[in-house]
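Novice: Contents of target-v3.pdb (PDB, C-alpha atoms, pLDDT in the B column) are given next:
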```pdb
ATOM      1  CA  LEU A   1       8.730 -13.651 -17.689  1.00 52.00           C
ATOM      2  CA  HIS A   2      12.121 -12.689 -16.390  1.00 60.00           C
ATOM      3  CA  GLY A   3      14.361  -9.732 -15.822  1.00 67.00           C
ATOM      4  CA  GLY A   4      13.100  -6.560 -14.303  1.00 78.00           C
ATOM      5  CA  HIS A   5      13.417  -6.456 -10.556  1.00 75.00           C
ATOM      6  CA  HIS A   6      16.832  -6.151  -8.931  1.00 81.00           C
ATOM      7  CA  GLY A   7      15.685  -7.954  -5.791  1.00 85.00           C
ATOM      8  CA  PRO A   8      13.392 -10.855  -4.926  1.00 86.00           C
ATOM      9  CA  VAL A   9       9.709 -10.481  -5.805  1.00 88.00           C
ATOM     10  CA  GLN A  10       7.825 -10.086  -2.521  1.00 87.00           C
ATOM     11  CA  CYS A  11       4.223  -9.865  -3.743  1.00 93.00           C
ATOM     12  CA  LEU A  12       2.084 -10.380  -6.822  1.00 92.00           C
ATOM     13  CA  SER A  13      -1.461  -9.627  -7.962  1.00 95.00           C
ATOM     14  CA  VAL A  14      -2.906 -10.961 -11.210  1.00 95.00           C
ATOM     15  CA  SER A  15      -5.828  -9.857 -13.366  1.00 94.00           C
ATOM     16  CA  TRP A  16      -6.380 -13.050 -15.387  1.00 93.00           C
ATOM     17  CA  GLY A  17      -9.097 -11.513 -17.557  1.00 92.00           C
ATOM     18  CA  ALA A  18      -6.841  -8.644 -18.614  1.00 93.00           C
ATOM     19  CA  ARG A  19      -3.766 -10.931 -18.746  1.00 94.00           C
ATOM     20  CA  LYS A  20      -1.798  -8.481 -16.576  1.00 94.00           C
ATOM     21  CA  ALA A  21       0.173  -8.924 -13.365  1.00 94.00           C
ATOM     22  CA  LEU A  22       1.596  -6.462 -10.881  1.00 95.00           C
ATOM     23  CA  SER A  23       4.682  -7.376  -8.880  1.00 94.00           C
ATOM     24  CA  GLY A  24       6.425  -5.732  -5.954  1.00 93.00           C
ATOM     25  CA  SER A  25      10.002  -6.361  -4.901  1.00 93.00           C
ATOM     26  CA  THR A  26      12.389  -5.951  -2.009  1.00 90.00           C
ATOM     27  CA  ASP A  27      14.239  -3.461  -4.234  1.00 90.00           C
ATOM     28  CA  GLY A  28      11.298  -1.026  -3.945  1.00 90.00           C
ATOM     29  CA  GLY A  29      10.173  -1.634  -7.506  1.00 90.00           C
ATOM     30  CA  VAL A  30       6.633  -2.139  -8.789  1.00 93.00           C
ATOM     31  CA  MET A  31       6.181  -3.584 -12.285  1.00 93.00           C
ATOM     32  CA  LEU A  32       3.180  -4.095 -14.515  1.00 95.00           C
ATOM     33  CA  TRP A  33       3.554  -7.225 -16.669  1.00 94.00           C
ATOM     34  CA  ASP A  34       1.771  -8.182 -19.873  1.00 94.00           C
ATOM     35  CA  LEU A  35       1.326 -11.943 -19.495  1.00 94.00           C
ATOM     36  CA  ASP A  36       0.770 -12.553 -23.215  1.00 95.00           C
ATOM     37  CA  HIS A  37       3.921 -10.807 -24.419  1.00 93.00           C
ATOM     38  CA  GLY A  38       6.183 -10.982 -21.377  1.00 89.00           C
ATOM     39  CA  SER A  39       6.767  -7.248 -21.487  1.00 92.00           C
ATOM     40  CA  ARG A  40       6.937  -5.087 -18.371  1.00 92.00           C
ATOM     41  CA  VAL A  41       6.509  -1.475 -17.400  1.00 93.00           C
ATOM     42  CA  PRO A  42       8.386  -0.296 -14.278  1.00 91.00           C
ATOM     43  CA  MET A  43       6.477   2.117 -12.064  1.00 90.00           C
ATOM     44  CA  GLN A  44       8.640   4.323  -9.864  1.00 81.00           C
ATOM     45  CA  GLY A  45       7.735   5.578  -6.426  1.00 79.00           C
ATOM     46  CA  HIS A  46       8.747   3.298  -3.576  1.00 86.00           C
ATOM     47  CA  MET A  47      12.235   3.535  -2.134  1.00 83.00           C
ATOM     48  CA  VAL A  48      12.190   0.412   0.056  1.00 87.00           C
ATOM     49  CA  TRP A  49      10.687  -3.098   0.235  1.00 89.00           C
ATOM     50  CA  VAL A  50       7.235  -3.303  -1.367  1.00 93.00           C
ATOM     51  CA  ALA A  51       5.189  -5.367   1.079  1.00 93.00           C
ATOM     52  CA  ASP A  52       2.005  -5.870  -0.950  1.00 95.00           C
ATOM     53  CA  VAL A  53       0.258  -5.017  -4.225  1.00 96.00           C
ATOM     54  CA  THR A  54      -3.299  -5.464  -5.489  1.00 96.00           C
ATOM     55  CA  VAL A  55      -5.076  -4.770  -8.781  1.00 96.00           C
ATOM     56  CA  ASP A  56      -8.727  -3.744  -9.153  1.00 94.00           C
ATOM     57  CA  PRO A  57     -11.075  -6.216 -10.879  1.00 90.00           C
ATOM     58  CA  HIS A  58     -11.076  -4.217 -14.136  1.00 91.00           C
ATOM     59  CA  CYS A  59      -7.275  -3.764 -14.182  1.00 92.00           C
ATOM     60  CA  ARG A  60      -7.562   0.040 -14.284  1.00 95.00           C
ATOM     61  CA  TYR A  61      -6.071   0.825 -10.870  1.00 97.00           C
ATOM     62  CA  ALA A  62      -3.680  -0.772  -8.442  1.00 97.00           C
ATOM     63  CA  ALA A  63      -2.442  -0.177  -4.919  1.00 97.00           C
ATOM     64  CA  SER A  64       0.996  -0.837  -3.491  1.00 96.00           C
ATOM     65  CA  GLY A  65       2.384  -0.451  -0.011  1.00 93.00           C
ATOM     66  CA  SER A  66       5.926  -0.464   1.337  1.00 93.00           C
ATOM     67  CA  ILE A  67       7.338  -1.058   4.796  1.00 89.00           C
ATOM     68  CA  ASP A  68       8.278   2.610   5.184  1.00 86.00           C
ATOM     69  CA  GLY A  69       4.556   3.387   5.541  1.00 89.00           C
ATOM     70  CA  MET A  70       3.983   4.641   2.000  1.00 91.00           C
ATOM     71  CA  LEU A  71       0.808   3.659   0.188  1.00 94.00           C
ATOM     72  CA  ARG A  72       0.431   4.431  -3.524  1.00 95.00           C
ATOM     73  CA  ILE A  73      -2.515   4.261  -5.915  1.00 96.00           C
ATOM     74  CA  TRP A  74      -1.619   3.708  -9.571  1.00 96.00           C
ATOM     75  CA  ASP A  75      -3.509   4.338 -12.803  1.00 96.00           C
ATOM     76  CA  LEU A  76      -2.508   1.275 -14.813  1.00 95.00           C
ATOM     77  CA  ARG A  77      -3.645   2.815 -18.108  1.00 94.00           C
ATOM     78  CA  THR A  78      -0.907   5.452 -17.808  1.00 94.00           C
ATOM     79  CA  SER A  79       1.439   3.585 -15.414  1.00 93.00           C
ATOM     80  CA  SER A  80       1.469   6.655 -13.197  1.00 94.00           C
ATOM     81  CA  CYS A  81       0.988   7.203  -9.483  1.00 94.00           C
ATOM     82  CA  VAL A  82      -2.217   9.189  -8.884  1.00 95.00           C
ATOM     83  CA  ARG A  83      -2.219   9.260  -5.057  1.00 95.00           C
ATOM     84  CA  THR A  84       0.425   8.890  -2.375  1.00 94.00           C
ATOM     85  CA  MET A  85      -0.373   8.497   1.312  1.00 94.00           C
ATOM     86  CA  ARG A  86       2.365   8.397   3.895  1.00 90.00           C
ATOM     87  CA  GLY A  87       2.178   6.888   7.346  1.00 85.00           C
ATOM     88  CA  GLN A  88       4.760   5.798   9.893  1.00 83.00           C
ATOM     89  CA  TRP A  89       7.424   3.159   9.359  1.00 75.00           C
ATOM     90  CA  SER A  90       5.766  -0.298   9.597  1.00 75.00           C
ATOM     91  CA  ASP A  91       2.242   1.039   8.857  1.00 78.00           C
ATOM     92  CA  VAL A  92       1.969  -1.037   5.661  1.00 90.00           C
ATOM     93  CA  LYS A  93       2.794  -4.753   5.895  1.00 90.00           C
ATOM     94  CA  CYS A  94      -0.148  -5.974   3.780  1.00 94.00           C
ATOM     95  CA  ILE A  95      -3.167  -4.357   2.127  1.00 96.00           C
ATOM     96  CA  ALA A  96      -6.787  -4.934   1.122  1.00 95.00           C
ATOM     97  CA  VAL A  97      -8.681  -2.458  -1.041  1.00 96.00           C
ATOM     98  CA  ASP A  98     -12.396  -1.772  -1.372  1.00 96.00           C
ATOM     99  CA  TRP A  99     -12.340  -0.366  -4.898  1.00 95.00           C
ATOM    100  CA  ASP A 100     -16.031   0.646  -4.730  1.00 94.00           C
ATOM    101  CA  SER A 101     -15.511   3.019  -1.801  1.00 94.00           C
ATOM    102  CA  TRP A 102     -11.801   3.772  -2.368  1.00 94.00           C
ATOM    103  CA  ARG A 103     -10.819   2.606   1.115  1.00 94.00           C
ATOM    104  CA  VAL A 104      -7.611   0.754   1.876  1.00 96.00           C
ATOM    105  CA  LEU A 105      -6.898  -1.319   4.938  1.00 95.00           C
ATOM    106  CA  SER A 106      -3.306  -2.084   5.854  1.00 95.00           C
ATOM    107  CA  GLY A 107      -1.870  -4.490   8.377  1.00 92.00           C
ATOM    108  CA  ALA A 108       0.696  -2.709  10.515  1.00 89.00           C
ATOM    109  CA  GLY A 109       3.155  -3.094  13.348  1.00 84.00           C
ATOM    110  CA  ALA A 110       2.067  -3.622  16.970  1.00 81.00           C
ATOM    111  CA  GLY A 111      -1.066  -5.513  15.911  1.00 84.00           C
ATOM    112  CA  CYS A 112      -2.791  -2.511  14.343  1.00 88.00           C
ATOM    113  CA  LEU A 113      -5.000  -2.159  11.299  1.00 91.00           C
ATOM    114  CA  LYS A 114      -4.851   1.163   9.487  1.00 93.00           C
ATOM    115  CA  PHE A 115      -7.790   2.568   7.494  1.00 93.00           C
ATOM    116  CA  TRP A 116      -6.879   4.882   4.637  1.00 95.00           C
ATOM    117  CA  ASP A 117      -9.326   7.118   2.782  1.00 95.00           C
ATOM    118  CA  VAL A 118      -8.012   7.346  -0.779  1.00 94.00           C
ATOM    119  CA  GLY A 119     -10.492  10.093  -1.698  1.00 92.00           C
ATOM    120  CA  VAL A 120      -8.980  12.570   0.764  1.00 92.00           C
ATOM    121  CA  GLY A 121      -5.536  10.955   0.726  1.00 92.00           C
ATOM    122  CA  ARG A 122      -4.975  10.332   4.418  1.00 91.00           C
ATOM    123  CA  LEU A 123      -5.070   7.871   7.275  1.00 92.00           C
ATOM    124  CA  ALA A 124      -8.658   7.780   8.578  1.00 93.00           C
ATOM    125  CA  ALA A 125      -8.447   5.439  11.586  1.00 92.00           C
ATOM    126  CA  THR A 126      -6.222   3.063  13.520  1.00 91.00           C
ATOM    127  CA  LEU A 127      -7.628  -0.111  15.080  1.00 90.00           C
ATOM    128  CA  ARG A 128      -5.617  -1.741  17.844  1.00 86.00           C
ATOM    129  CA  GLY A 129      -5.685  -5.472  18.526  1.00 77.00           C
ATOM    130  CA  PRO A 130      -5.772  -7.089  21.952  1.00 70.00           C
ATOM    131  CA  GLY A 131      -3.364  -9.538  23.568  1.00 59.00           C
ATOM    132  CA  ASP A 132      -2.023 -12.148  21.140  1.00 48.00           C
ATOM    133  CA  ALA A 133      -2.720  -9.933  18.147  1.00 51.00           C
ATOM    134  CA  ARG A 134      -0.246  -7.266  19.351  1.00 60.00           C
ATOM    135  CA  ARG A 135       2.531  -8.365  17.011  1.00 76.00           C
ATOM    136  CA  ASP A 136       2.874  -7.134  13.422  1.00 87.00           C
ATOM    137  CA  ILE A 137      -0.104  -7.957  11.198  1.00 90.00           C
ATOM    138  CA  ASN A 138       1.479  -9.707   8.213  1.00 91.00           C
ATOM    139  CA  SER A 139      -1.617 -10.787   6.324  1.00 94.00           C
ATOM    140  CA  LEU A 140      -5.266  -9.888   6.002  1.00 94.00           C
ATOM    141  CA  SER A 141      -8.333 -10.744   3.993  1.00 95.00           C
ATOM    142  CA  ALA A 142     -11.432  -8.544   3.841  1.00 95.00           C
ATOM    143  CA  ASP A 143     -15.085  -9.247   3.147  1.00 95.00           C
ATOM    144  CA  TRP A 144     -16.077  -5.618   2.624  1.00 94.00           C
ATOM    145  CA  ALA A 145     -19.779  -6.393   2.116  1.00 94.00           C
ATOM    146  CA  ALA A 146     -19.955  -8.216   5.452  1.00 94.00           C
ATOM    147  CA  GLY A 147     -17.753  -5.645   7.185  1.00 95.00           C
ATOM    148  CA  ARG A 148     -15.275  -8.265   8.388  1.00 95.00           C
ATOM    149  CA  VAL A 149     -11.514  -8.689   8.153  1.00 95.00           C
ATOM    150  CA  LEU A 150      -9.422 -11.688   9.134  1.00 94.00           C
ATOM    151  CA  SER A 151      -5.809 -10.949  10.045  1.00 93.00           C
ATOM    152  CA  GLY A 152      -2.741 -13.051  10.760  1.00 91.00           C
ATOM    153  CA  SER A 153       0.027 -11.783  13.020  1.00 88.00           C
ATOM    154  CA  GLY A 154       3.659 -12.318  13.825  1.00 84.00           C
ATOM    155  CA  SER A 155       2.692 -14.026  17.091  1.00 83.00           C
ATOM    156  CA  GLY A 156       0.843 -16.836  15.307  1.00 87.00           C
ATOM    157  CA  ALA A 157      -2.567 -15.424  16.238  1.00 88.00           C
ATOM    158  CA  MET A 158      -5.489 -14.664  13.956  1.00 90.00           C
ATOM    159  CA  ALA A 159      -8.084 -11.999  14.658  1.00 91.00           C
ATOM    160  CA  MET A 160     -11.543 -11.215  13.310  1.00 93.00           C
ATOM    161  CA  TRP A 161     -12.327  -7.501  13.024  1.00 94.00           C
ATOM    162  CA  ASP A 162     -15.560  -5.571  12.511  1.00 95.00           C
ATOM    163  CA  ILE A 163     -14.531  -2.799  10.133  1.00 92.00           C
ATOM    164  CA  ASN A 164     -17.855  -0.987  10.430  1.00 93.00           C
ATOM    165  CA  GLN A 165     -17.652  -0.701  14.233  1.00 93.00           C
ATOM    166  CA  LEU A 166     -13.849  -0.382  14.122  1.00 91.00           C
ATOM    167  CA  GLU A 167     -13.141  -3.102  16.690  1.00 91.00           C
ATOM    168  CA  CYS A 168     -11.483  -6.470  17.110  1.00 91.00           C
ATOM    169  CA  LEU A 169     -14.157  -9.110  17.741  1.00 93.00           C
ATOM    170  CA  GLU A 170     -12.127 -12.197  18.536  1.00 91.00           C
ATOM    171  CA  THR A 171      -8.615 -13.647  18.458  1.00 88.00           C
ATOM    172  CA  TRP A 172      -7.389 -17.208  18.082  1.00 89.00           C
ATOM    173  CA  LYS A 173      -3.930 -18.517  18.889  1.00 87.00           C
ATOM    174  CA  GLY A 174      -2.929 -21.681  17.088  1.00 84.00           C
ATOM    175  CA  HIS A 175       0.374 -21.323  15.286  1.00 87.00           C
ATOM    176  CA  ASP A 176       3.764 -21.356  16.999  1.00 84.00           C
ATOM    177  CA  THR A 177       5.233 -18.957  14.457  1.00 85.00           C
ATOM    178  CA  GLN A 178       4.033 -16.019  12.394  1.00 84.00           C
ATOM    179  CA  ILE A 179       1.086 -16.266  10.022  1.00 85.00           C
ATOM    180  CA  LYS A 180       2.093 -15.053   6.555  1.00 85.00           C
ATOM    181  CA  CYS A 181      -1.201 -15.534   4.663  1.00 87.00           C
ATOM    182  CA  VAL A 182      -4.919 -15.788   5.414  1.00 89.00           C
ATOM    183  CA  GLU A 183      -7.995 -15.995   3.198  1.00 88.00           C
ATOM    184  CA  LEU A 184     -11.588 -15.236   4.138  1.00 79.00           C
ATOM    185  CA  ALA A 185     -14.181 -16.762   1.789  1.00 80.00           C
ATOM    186  CA  GLN A 186     -16.390 -13.950   0.504  1.00 72.00           C
ATOM    187  CA  GLY A 187     -19.961 -14.187   1.759  1.00 66.00           C
ATOM    188  CA  SER A 188     -19.125 -16.763   4.428  1.00 65.00           C
ATOM    189  CA  ILE A 189     -19.832 -14.457   7.376  1.00 63.00           C
TER     190      ILE A 189
END
```
Transcribe the structure of this file into structure tokens.

Specialist:
Amino acid sequence: LHGGHHGPVQCLSVSWGARKALSGSTDGGVMLWDLDHGSRVPMQGHMVWVADVTVDPHCRYAASGSIDGMLRIWDLRTSSCVRTMRGQWSDVKCIAVDWDSWRVLSGAGAGCLKFWDVGVGRLAATLRGPGDARRDINSLSADWAAGRVLSGSGSGAMAMWDINQLECLETWKGHDTQIKCVELAQGSI
């Protein structure tokens, strides 16, 4: 698979069962790839760096977020944007989607998590982190069933959040530099 983006690929989400991948680039592009044929479909909408993308388990919908605070929901069957939500610059550094409830969580600047309600198309809540978690949240992993999110920040701190009570439960400082990826094992909480 080659050719398509005009800048480096920043993020990728794969649906192995459907043999499709979604990529986001620093050029603002989002592309849907057919892994069997190597073909691609560009999806227009973002103007700046796409920070994160994710595909639903059935490869029908996808979400993408860019650093200018724009969050988009895509219908992959038609390659069209079906919902756009706009926040502030730096509101979308990374995303996690609960496809069952159509909620999106984004890691944001200043150690915040942003809750988006896709059904009504707006920002629903902002959660603020304490102390060491006050730098940009660059990565997150959600266990929606348990109501927990693990985040990694630019300060090298991780935080555990209760997304039902909308609060930060605990922070841990361990890295000297920013944390770029975290993973929370589903059902481990």

Novice: Please evaluate the PyMOL selection byres ((chain A and resi 112) around 8) against the displayed coordinates and give the resulting residues as a list of chain:residue names.

Specialist: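 On this input, the PyMOL selection byres ((chain A and resi 112) around 8) captures A:Gly107, A:Ala108, A:Gly109, A:Ala110, A:Gly111, A:Leu113, A:Lys114, A:Thr126, A:Leu127, A:Arg128, A:Gly129, A:Arg134, A:Asp136, A:Ile137.
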
Novice: For the provided coordinates, the residues matched by the PyMOL selection byres ((chain A and resi 36) around 12) should be stated as a compact mmCIF listing (two decimals) with C-alpha atoms, in the frame of the given file.

Specialist:
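Result file follows (out.txt):
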```txt
# COMPACT_ATOMS: atom_id res chain seq x y z
CA LEU A 1 8.73 -13.65 -17.69
CA TRP A 16 -6.38 -13.05 -15.39
CA GLY A 17 -9.10 -11.51 -17.56
CA ALA A 18 -6.84 -8.64 -18.61
CA ARG A 19 -3.77 -10.93 -18.75
CA LYS A 20 -1.80 -8.48 -16.58
CA ALA A 21 0.17 -8.92 -13.36
CA TRP A 33 3.55 -7.22 -16.67
CA ASP A 34 1.77 -8.18 -19.87
CA LEU A 35 1.33 -11.94 -19.50
CA HIS A 37 3.92 -10.81 -24.42
CA GLY A 38 6.18 -10.98 -21.38
CA SER A 39 6.77 -7.25 -21.49
CA ARG A 40 6.94 -5.09 -18.37
```

Novice: Could you tell me how far CA of Pro8 (chain A) lies from CA of Ser25 (chain A), in Å and to one decimal?

Specialist: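 Between CA of Pro8 (chain A) and CA of Ser25 (chain A) the gap is 5.6 Å.
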
Novice: Going by the chain IDs and residue numbers used in this file, which residues fall under the PyMOL selection byres ((chain A and resi 171) around 6)? Write them as a PyMOL selection string.

Specialist: chain A and resi 158-159+170+172

Novice: Please provide the set of residues having any atom within 7 Å of Asn138 (chain A), restricted to only C-alpha atoms, with same-chain residues fewer than 3 positions apart removed, written as a list in words.

Specialist: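 Using only C-alpha atoms, the neighbours found are Lys93, Cys94, Gly107, Gly152, Ser153, Gly154, Ile179 and Lys180 of chain A.
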
Novice: What does the structure give for the distance between CA of Gly87 (chain A) and CA of Ser15 (chain A), in Å to one decimal?

Specialist: 27.8 Å

Novice: Got a sec: who's within 10 Å of Asp98 (chain A), counting all atoms listed in the file, leaving out chain neighbours fewer than 4 positions off, as a PyMOL selection string?

Specialist: chain A and resi 56+102-105+142-145

Novice: Neighbouring residues of Gly7 (chain A) were defined as those with any atom within 10 Å, considering only C-alpha atoms; residues of the same chain fewer than 3 positions away were excluded. Please report them as a tab-separated table (two decimals) with C-alpha atoms, keeping the file's coordinate frame.

Specialist:
```tsv
chain	number	residue	atom	x	y	z
A	4	GLY	CA	13.10	-6.56	-14.30
A	10	GLN	CA	7.82	-10.09	-2.52
A	24	GLY	CA	6.42	-5.73	-5.95
A	25	SER	CA	10.00	-6.36	-4.90
A	26	THR	CA	12.39	-5.95	-2.01
A	27	ASP	CA	14.24	-3.46	-4.23
A	28	GLY	CA	11.30	-1.03	-3.94
A	29	GLY	CA	10.17	-1.63	-7.51
A	49	TRP	CA	10.69	-3.10	0.24
```

Novice: Can you list, as a PyMOL selection string, every protein, DNA or RNA residue that comes within 6 Å of Ser66 (chain A) when you count only C-alpha atoms, leaving out same-chain residues fewer than 3 positions away?

Specialist: chain A and resi 49-51+69-70+92

Novice: If we count all atoms listed in the file and set the cut-off at 12 Å, which residues sit around Val120 (chain A), ignoring sequence neighbours fewer than 2 positions away in its own chain? Please answer as an NGL selection string.

Specialist: :A and (83-85 or 101-104 or 116-118 or 122-124)

Novice: For Val9 (chain A), which of A:Val149, A:Val41, A:Ile95, A:Val53 is the closest residue, counting all atoms listed in the file?

Specialist: A:Val53

Novice: From the set A:Ser155, A:Asn164, A:Thr54, A:Thr78, which residue has the shortest atom-to-atom contact distance to Ser106 (chain A), counting only C-alpha atoms?

Specialist: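 Once distances to Ser106 (chain A) are computed over only C-alpha atoms, the minimum belongs to A:Thr54.
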
Novice: Which distance in Å separates CA of Glu167 (chain A) and CA of Ala62 (chain A), to one decimal?

Specialist: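 Between CA of Glu167 (chain A) and CA of Ala62 (chain A) the gap works out to 27.0 Å.
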
Novice: If you take every atom of region 45-54 of chain A that the file lists and fit an axis-aligned box around them with 5 Å extra on each side, what centre and edge lengths come out in Å to one decimal, as lines of an AutoDock Vina configuration file?

Specialist:
```
center_x = 4.5
center_y = -0.1
center_z = -2.7
size_x = 25.5
size_y = 21.4
size_z = 17.5
```

Novice: Closest to Ser139 (chain A) among A:Asp162, A:Asp75, A:Glu183, A:Asp100, using all atoms listed in the file?

Specialist: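 Closest residue, counting all atoms listed in the file: A:Glu183.
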
Novice: So, with all atoms listed in the file as the atoms that count, which of A:Cys59, A:Leu140, A:Val14, A:Ile163 lies closest to Cys181 (chain A)?

Specialist: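 Residue with the minimum atom-to-atom distance to Cys181 (chain A): A:Leu140.
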
Novice: Can you put N, CA, C and O atoms back into region 161-173 of chain A and show it as a PDB file, in the coordinates of the input?

Specialist:
```pdb
ATOM      1  N   TRP A 161     -12.052  -8.913  12.783  1.00 94.00           N
ATOM      2  CA  TRP A 161     -12.327  -7.501  13.024  1.00 94.00           C
ATOM      3  C   TRP A 161     -13.665  -7.109  12.414  1.00 94.00           C
ATOM      4  O   TRP A 161     -14.031  -7.604  11.351  1.00 94.00           O
ATOM      5  N   ASP A 162     -14.371  -6.210  13.066  1.00 95.00           N
ATOM      6  CA  ASP A 162     -15.560  -5.571  12.511  1.00 95.00           C
ATOM      7  C   ASP A 162     -15.106  -4.211  11.994  1.00 95.00           C
ATOM      8  O   ASP A 162     -14.771  -3.320  12.784  1.00 95.00           O
ATOM      9  N   ILE A 163     -15.059  -4.042  10.676  1.00 92.00           N
ATOM     10  CA  ILE A 163     -14.531  -2.799  10.133  1.00 92.00           C
ATOM     11  C   ILE A 163     -15.573  -1.688  10.050  1.00 92.00           C
ATOM     12  O   ILE A 163     -15.235  -0.553   9.755  1.00 92.00           O
ATOM     13  N   ASN A 164     -16.833  -2.033  10.349  1.00 93.00           N
ATOM     14  CA  ASN A 164     -17.855  -0.987  10.430  1.00 93.00           C
ATOM     15  C   ASN A 164     -17.865  -0.354  11.824  1.00 93.00           C
ATOM     16  O   ASN A 164     -18.016   0.853  11.969  1.00 93.00           O
ATOM     17  N   GLN A 165     -17.694  -1.185  12.853  1.00 93.00           N
ATOM     18  CA  GLN A 165     -17.652  -0.701  14.233  1.00 93.00           C
ATOM     19  C   GLN A 165     -16.234  -0.361  14.692  1.00 93.00           C
ATOM     20  O   GLN A 165     -16.049   0.117  15.807  1.00 93.00           O
ATOM     21  N   LEU A 166     -15.259  -0.664  13.845  1.00 91.00           N
ATOM     22  CA  LEU A 166     -13.849  -0.382  14.122  1.00 91.00           C
ATOM     23  C   LEU A 166     -13.370  -1.039  15.413  1.00 91.00           C
ATOM     24  O   LEU A 166     -12.808  -0.399  16.302  1.00 91.00           O
ATOM     25  N   GLU A 167     -13.576  -2.383  15.491  1.00 91.00           N
ATOM     26  CA  GLU A 167     -13.141  -3.102  16.690  1.00 91.00           C
ATOM     27  C   GLU A 167     -12.732  -4.533  16.359  1.00 91.00           C
ATOM     28  O   GLU A 167     -13.174  -5.098  15.363  1.00 91.00           O
ATOM     29  N   CYS A 168     -11.888  -5.074  17.215  1.00 91.00           N
ATOM     30  CA  CYS A 168     -11.483  -6.470  17.110  1.00 91.00           C
ATOM     31  C   CYS A 168     -12.531  -7.303  17.842  1.00 91.00           C
ATOM     32  O   CYS A 168     -12.844  -7.040  19.007  1.00 91.00           O
ATOM     33  N   LEU A 169     -13.094  -8.298  17.160  1.00 93.00           N
ATOM     34  CA  LEU A 169     -14.157  -9.110  17.741  1.00 93.00           C
ATOM     35  C   LEU A 169     -13.633 -10.318  18.503  1.00 93.00           C
ATOM     36  O   LEU A 169     -14.174 -10.674  19.547  1.00 93.00           O
ATOM     37  N   GLU A 170     -12.595 -10.946  17.954  1.00 91.00           N
ATOM     38  CA  GLU A 170     -12.127 -12.197  18.536  1.00 91.00           C
ATOM     39  C   GLU A 170     -10.716 -12.495  18.048  1.00 91.00           C
ATOM     40  O   GLU A 170     -10.348 -12.117  16.945  1.00 91.00           O
ATOM     41  N   THR A 171      -9.942 -13.186  18.878  1.00 88.00           N
ATOM     42  CA  THR A 171      -8.615 -13.647  18.458  1.00 88.00           C
ATOM     43  C   THR A 171      -8.494 -15.142  18.729  1.00 88.00           C
ATOM     44  O   THR A 171      -9.149 -15.675  19.634  1.00 88.00           O
ATOM     45  N   TRP A 172      -7.664 -15.792  17.916  1.00 89.00           N
ATOM     46  CA  TRP A 172      -7.389 -17.208  18.082  1.00 89.00           C
ATOM     47  C   TRP A 172      -5.891 -17.420  17.976  1.00 89.00           C
ATOM     48  O   TRP A 172      -5.255 -16.929  17.058  1.00 89.00           O
ATOM     49  N   LYS A 173      -5.347 -18.171  18.918  1.00 87.00           N
ATOM     50  CA  LYS A 173      -3.930 -18.517  18.889  1.00 87.00           C
ATOM     51  C   LYS A 173      -3.828 -19.981  18.521  1.00 87.00           C
ATOM     52  O   LYS A 173      -4.481 -20.820  19.125  1.00 87.00           O
TER      53      LYS A 173
END
```
